[in-house]
Amino acid sequence: MSEPRTKEAQYQVHVDAMARQGPVELGPMTGDTWRNDPRRLTFLLARYKFVSKMLAGKSSVLEIGCGDGFGMRLVLQTVSRGFGIDFDPLFVEWARATARKEGLAAEFAVLDITEAAPPGRFAAAYSLDVIEHVDPALEARFVANIAGALEPDGVCIIGTPNVTSAPYASEASRLGHINLKSAETLAASLGAAFQHVFVFSMNDEVVHTGYAPMAHYLMALCVNPKRPTA
């Protein structure tokens, strides 16, 4: 039986790649999003694209709350190496298996950053859709441990839903979002561990500097971690 051939020759490379590597498998979180709310996936990809642009050229990047590792693929287009942590072993194992299968320059580990910082120092870090799940009593430690994992001139990006968007959130989101932030409270929290914090607004796929209370999502760019004084 002959191999399938595309009508236009330039598209045959895609068919050949799938035959050689197999179809792409989305992770448990991302796959469910694709099935039930594919539009939300475009928002997620836009957030990771922003991270990849801001951190382009960095040698080593830490993702806090990596989930099934889906989004890191975008960041790896612009950075040398990624290291993802999550406190859920199920998602970490999926991310590890995918990295091995695809030959990605990424490692993954089970770690709760509210308990300890990962070993080593990273040029940059990012955490999307995580801080709103952190118990407010553990928030300061969460932020401090991220800052402590960075090099002296390190950069960090924190993304989180805006508290003003809470009335429009799904029931599942409302259950998990126990620590929502405004632009002001996010900047104050991160300012305790970073010398400079720049908060951007985000609506759907667009990051901008518009009126923060009308933003659905917030992106904070943090620069120069503060070091504890002796």
# chains A, B, ... in the order shown; residues from 1 in each chain; ligands from 1

$ residues_around --residues "A:Ser60" --least-positions-apart "6" --cutoff "6 Å" --atoms "only C-alpha atoms" --output "ChimeraX atom specification"
/A:81-82,122-123

$ residues_around --residues "A:Pro152" --least-positions-apart "6" --cutoff "12 Å" --atoms "only C-alpha atoms" --output "list in words"
Arg121, Phe122, Ala123, Ala124, Ala193, Phe194, Gln195, Val223, Asn224, Pro225, Lys226, Arg227 and Pro228 of chain A

$ closest_atom_pairs --of "stretch 64-158 of chain A" --to "stretch 209-217 of chain A" --cutoff "12 Å" --atoms "only C-alpha atoms" --output "CSV"
residue,atom,partner,partner_atom,distance
A:Leu128,CA,A:Tyr217,CA,10.4
A:Asp129,CA,A:Tyr217,CA,9.6
A:Glu132,CA,A:Tyr217,CA,11.5
A:Ile158,CA,A:Tyr217,CA,10.7

$ write_last_selection --atoms "N, CA and C atoms" --output "compact mmCIF listing (two decimals), in the first residue's frame"
# COMPACT_ATOMS: atom_id res chain seq x y z
N LEU A 128 2.80 31.37 35.83
CA LEU A 128 1.52 31.81 35.28
C LEU A 128 0.37 31.04 35.93
N ASP A 129 -0.61 31.77 36.40
CA ASP A 129 -1.82 31.17 36.98
C ASP A 129 -1.50 30.30 38.19
N GLU A 132 -2.53 32.91 42.52
CA GLU A 132 -3.91 33.00 43.00
C GLU A 132 -4.36 31.73 43.71
N ILE A 158 5.32 37.18 36.65
CA ILE A 158 4.21 36.57 37.36
C ILE A 158 2.91 36.96 36.66

$ residues_around --residues "stretch 40-46 of chain A" --least-positions-apart "2" --cutoff "12 Å" --atoms "only C-alpha atoms" --output "tab-separated table (two decimals) with C-alpha atoms, in the first residue's frame"
chain	number	residue	atom	x	y	z
A	26	LEU	CA	-1.54	17.27	24.67
A	29	MET	CA	-4.79	19.83	31.54
A	30	THR	CA	-4.19	21.23	28.08
A	31	GLY	CA	-6.00	18.41	26.30
A	32	ASP	CA	-9.12	18.95	28.38
A	33	THR	CA	-8.98	22.68	27.66
A	34	TRP	CA	-8.75	21.95	23.92
A	35	ARG	CA	-11.83	19.73	24.08
A	36	ASN	CA	-14.01	21.91	26.26
A	37	ASP	CA	-12.87	25.51	25.82
A	38	PRO	CA	-10.43	25.83	22.89
A	48	TYR	CA	3.52	32.03	27.27
A	49	LYS	CA	4.41	33.95	24.11
A	50	PHE	CA	4.80	37.10	26.21
A	51	VAL	CA	7.13	35.20	28.54
A	52	SER	CA	9.15	33.83	25.63
A	53	LYS	CA	9.61	37.33	24.18
A	70	PHE	CA	2.69	22.27	27.68
A	71	GLY	CA	3.48	25.99	27.82
A	72	MET	CA	7.21	25.61	28.32
A	73	ARG	CA	7.50	24.47	24.71
A	74	LEU	CA	6.97	28.10	23.62
A	75	VAL	CA	9.57	29.43	26.05
A	128	LEU	CA	1.52	31.81	35.28
A	129	ASP	CA	-1.82	31.17	36.98
A	159	GLY	CA	0.84	36.22	35.62
A	160	THR	CA	-2.49	36.03	37.42
A	161	PRO	CA	-6.20	36.79	36.87
A	170	SER	CA	-15.96	29.69	35.98
A	202	MET	CA	-3.94	41.80	29.57
A	203	ASN	CA	-7.27	41.22	27.84
A	204	ASP	CA	-7.65	38.03	25.82
A	205	GLU	CA	-4.41	37.72	23.81
A	206	VAL	CA	-3.35	41.38	24.09
A	207	VAL	CA	-0.86	42.70	26.67
A	216	HIS	CA	-8.96	40.42	32.85
A	217	TYR	CA	-5.39	39.34	33.55
A	219	MET	CA	1.39	40.39	34.00

$ closest_residue --among "A:Leu150, A:Ala97, A:Leu175, A:Ala144" --to "A:Lys58" --atoms "only C-alpha atoms"
A:Leu150

$ select_by_dssp --residues "stretch 3-117 of chain A" --states "strand (DSSP E)" --output "ChimeraX atom specification"
/A:61-64,82-86,106-110

$ write_last_selection --atoms "N, CA and C atoms" --output "PDB file, in the first residue's frame"
ATOM      1  N   VAL A  61      16.007  29.022  32.634  1.00  0.00           N
ATOM      2  CA  VAL A  61      14.744  29.625  33.056  1.00  0.00           C
ATOM      3  C   VAL A  61      13.948  28.631  33.887  1.00  0.00           C
ATOM      4  N   LEU A  62      13.437  29.104  35.002  1.00  0.00           N
ATOM      5  CA  LEU A  62      12.643  28.295  35.922  1.00  0.00           C
ATOM      6  C   LEU A  62      11.163  28.609  35.745  1.00  0.00           C
ATOM      7  N   GLU A  63      10.338  27.566  35.597  1.00  0.00           N
ATOM      8  CA  GLU A  63       8.880  27.745  35.609  1.00  0.00           C
ATOM      9  C   GLU A  63       8.323  27.189  36.913  1.00  0.00           C
ATOM     10  N   ILE A  64       7.610  28.017  37.641  1.00  0.00           N
ATOM     11  CA  ILE A  64       6.983  27.599  38.891  1.00  0.00           C
ATOM     12  C   ILE A  64       5.520  27.288  38.616  1.00  0.00           C
ATOM     13  N   GLY A  82      15.178  24.964  30.106  1.00  0.00           N
ATOM     14  CA  GLY A  82      14.088  25.198  31.041  1.00  0.00           C
ATOM     15  C   GLY A  82      14.082  24.182  32.166  1.00  0.00           C
ATOM     16  N   PHE A  83      13.613  24.612  33.337  1.00  0.00           N
ATOM     17  CA  PHE A  83      13.472  23.726  34.489  1.00  0.00           C
ATOM     18  C   PHE A  83      12.111  24.014  35.105  1.00  0.00           C
ATOM     19  N   GLY A  84      11.235  23.027  35.101  1.00  0.00           N
ATOM     20  CA  GLY A  84       9.885  23.218  35.597  1.00  0.00           C
ATOM     21  C   GLY A  84       9.658  22.499  36.908  1.00  0.00           C
ATOM     22  N   ILE A  85       8.953  23.166  37.822  1.00  0.00           N
ATOM     23  CA  ILE A  85       8.582  22.531  39.085  1.00  0.00           C
ATOM     24  C   ILE A  85       7.079  22.655  39.299  1.00  0.00           C
ATOM     25  N   ASP A  86       6.532  21.655  39.969  1.00  0.00           N
ATOM     26  CA  ASP A  86       5.119  21.657  40.329  1.00  0.00           C
ATOM     27  C   ASP A  86       4.965  20.749  41.537  1.00  0.00           C
ATOM     28  N   ALA A 106      14.809  20.425  28.637  1.00  0.00           N
ATOM     29  CA  ALA A 106      14.037  20.777  29.824  1.00  0.00           C
ATOM     30  C   ALA A 106      14.074  19.646  30.835  1.00  0.00           C
ATOM     31  N   GLU A 107      14.044  20.024  32.116  1.00  0.00           N
ATOM     32  CA  GLU A 107      13.943  19.081  33.214  1.00  0.00           C
ATOM     33  C   GLU A 107      12.745  19.471  34.080  1.00  0.00           C
ATOM     34  N   PHE A 108      12.209  18.490  34.801  1.00  0.00           N
ATOM     35  CA  PHE A 108      11.042  18.739  35.642  1.00  0.00           C
ATOM     36  C   PHE A 108      11.219  18.038  36.979  1.00  0.00           C
ATOM     37  N   ALA A 109      10.707  18.665  38.027  1.00  0.00           N
ATOM     38  CA  ALA A 109      10.836  18.091  39.368  1.00  0.00           C
ATOM     39  C   ALA A 109       9.610  18.415  40.198  1.00  0.00           C
ATOM     40  N   VAL A 110       9.321  17.525  41.145  1.00  0.00           N
ATOM     41  CA  VAL A 110       8.240  17.757  42.099  1.00  0.00           C
ATOM     42  C   VAL A 110       8.787  18.623  43.225  1.00  0.00           C
TER      43      VAL A 110
END

$ select_by_dssp --residues "stretch 50-204 of chain A" --states "alpha helix (DSSP H)" --output "JSON, numbers by chain"
{"A": [50, 51, 52, 53, 54, 72, 73, 74, 75, 89, 90, 91, 92, 93, 94, 95, 96, 97, 98, 99, 100, 101, 102, 139, 140, 141, 142, 143, 144, 145, 146, 147, 148, 171, 172, 173, 174, 175, 176, 183, 184, 185, 186, 187, 188, 189, 190, 191]}
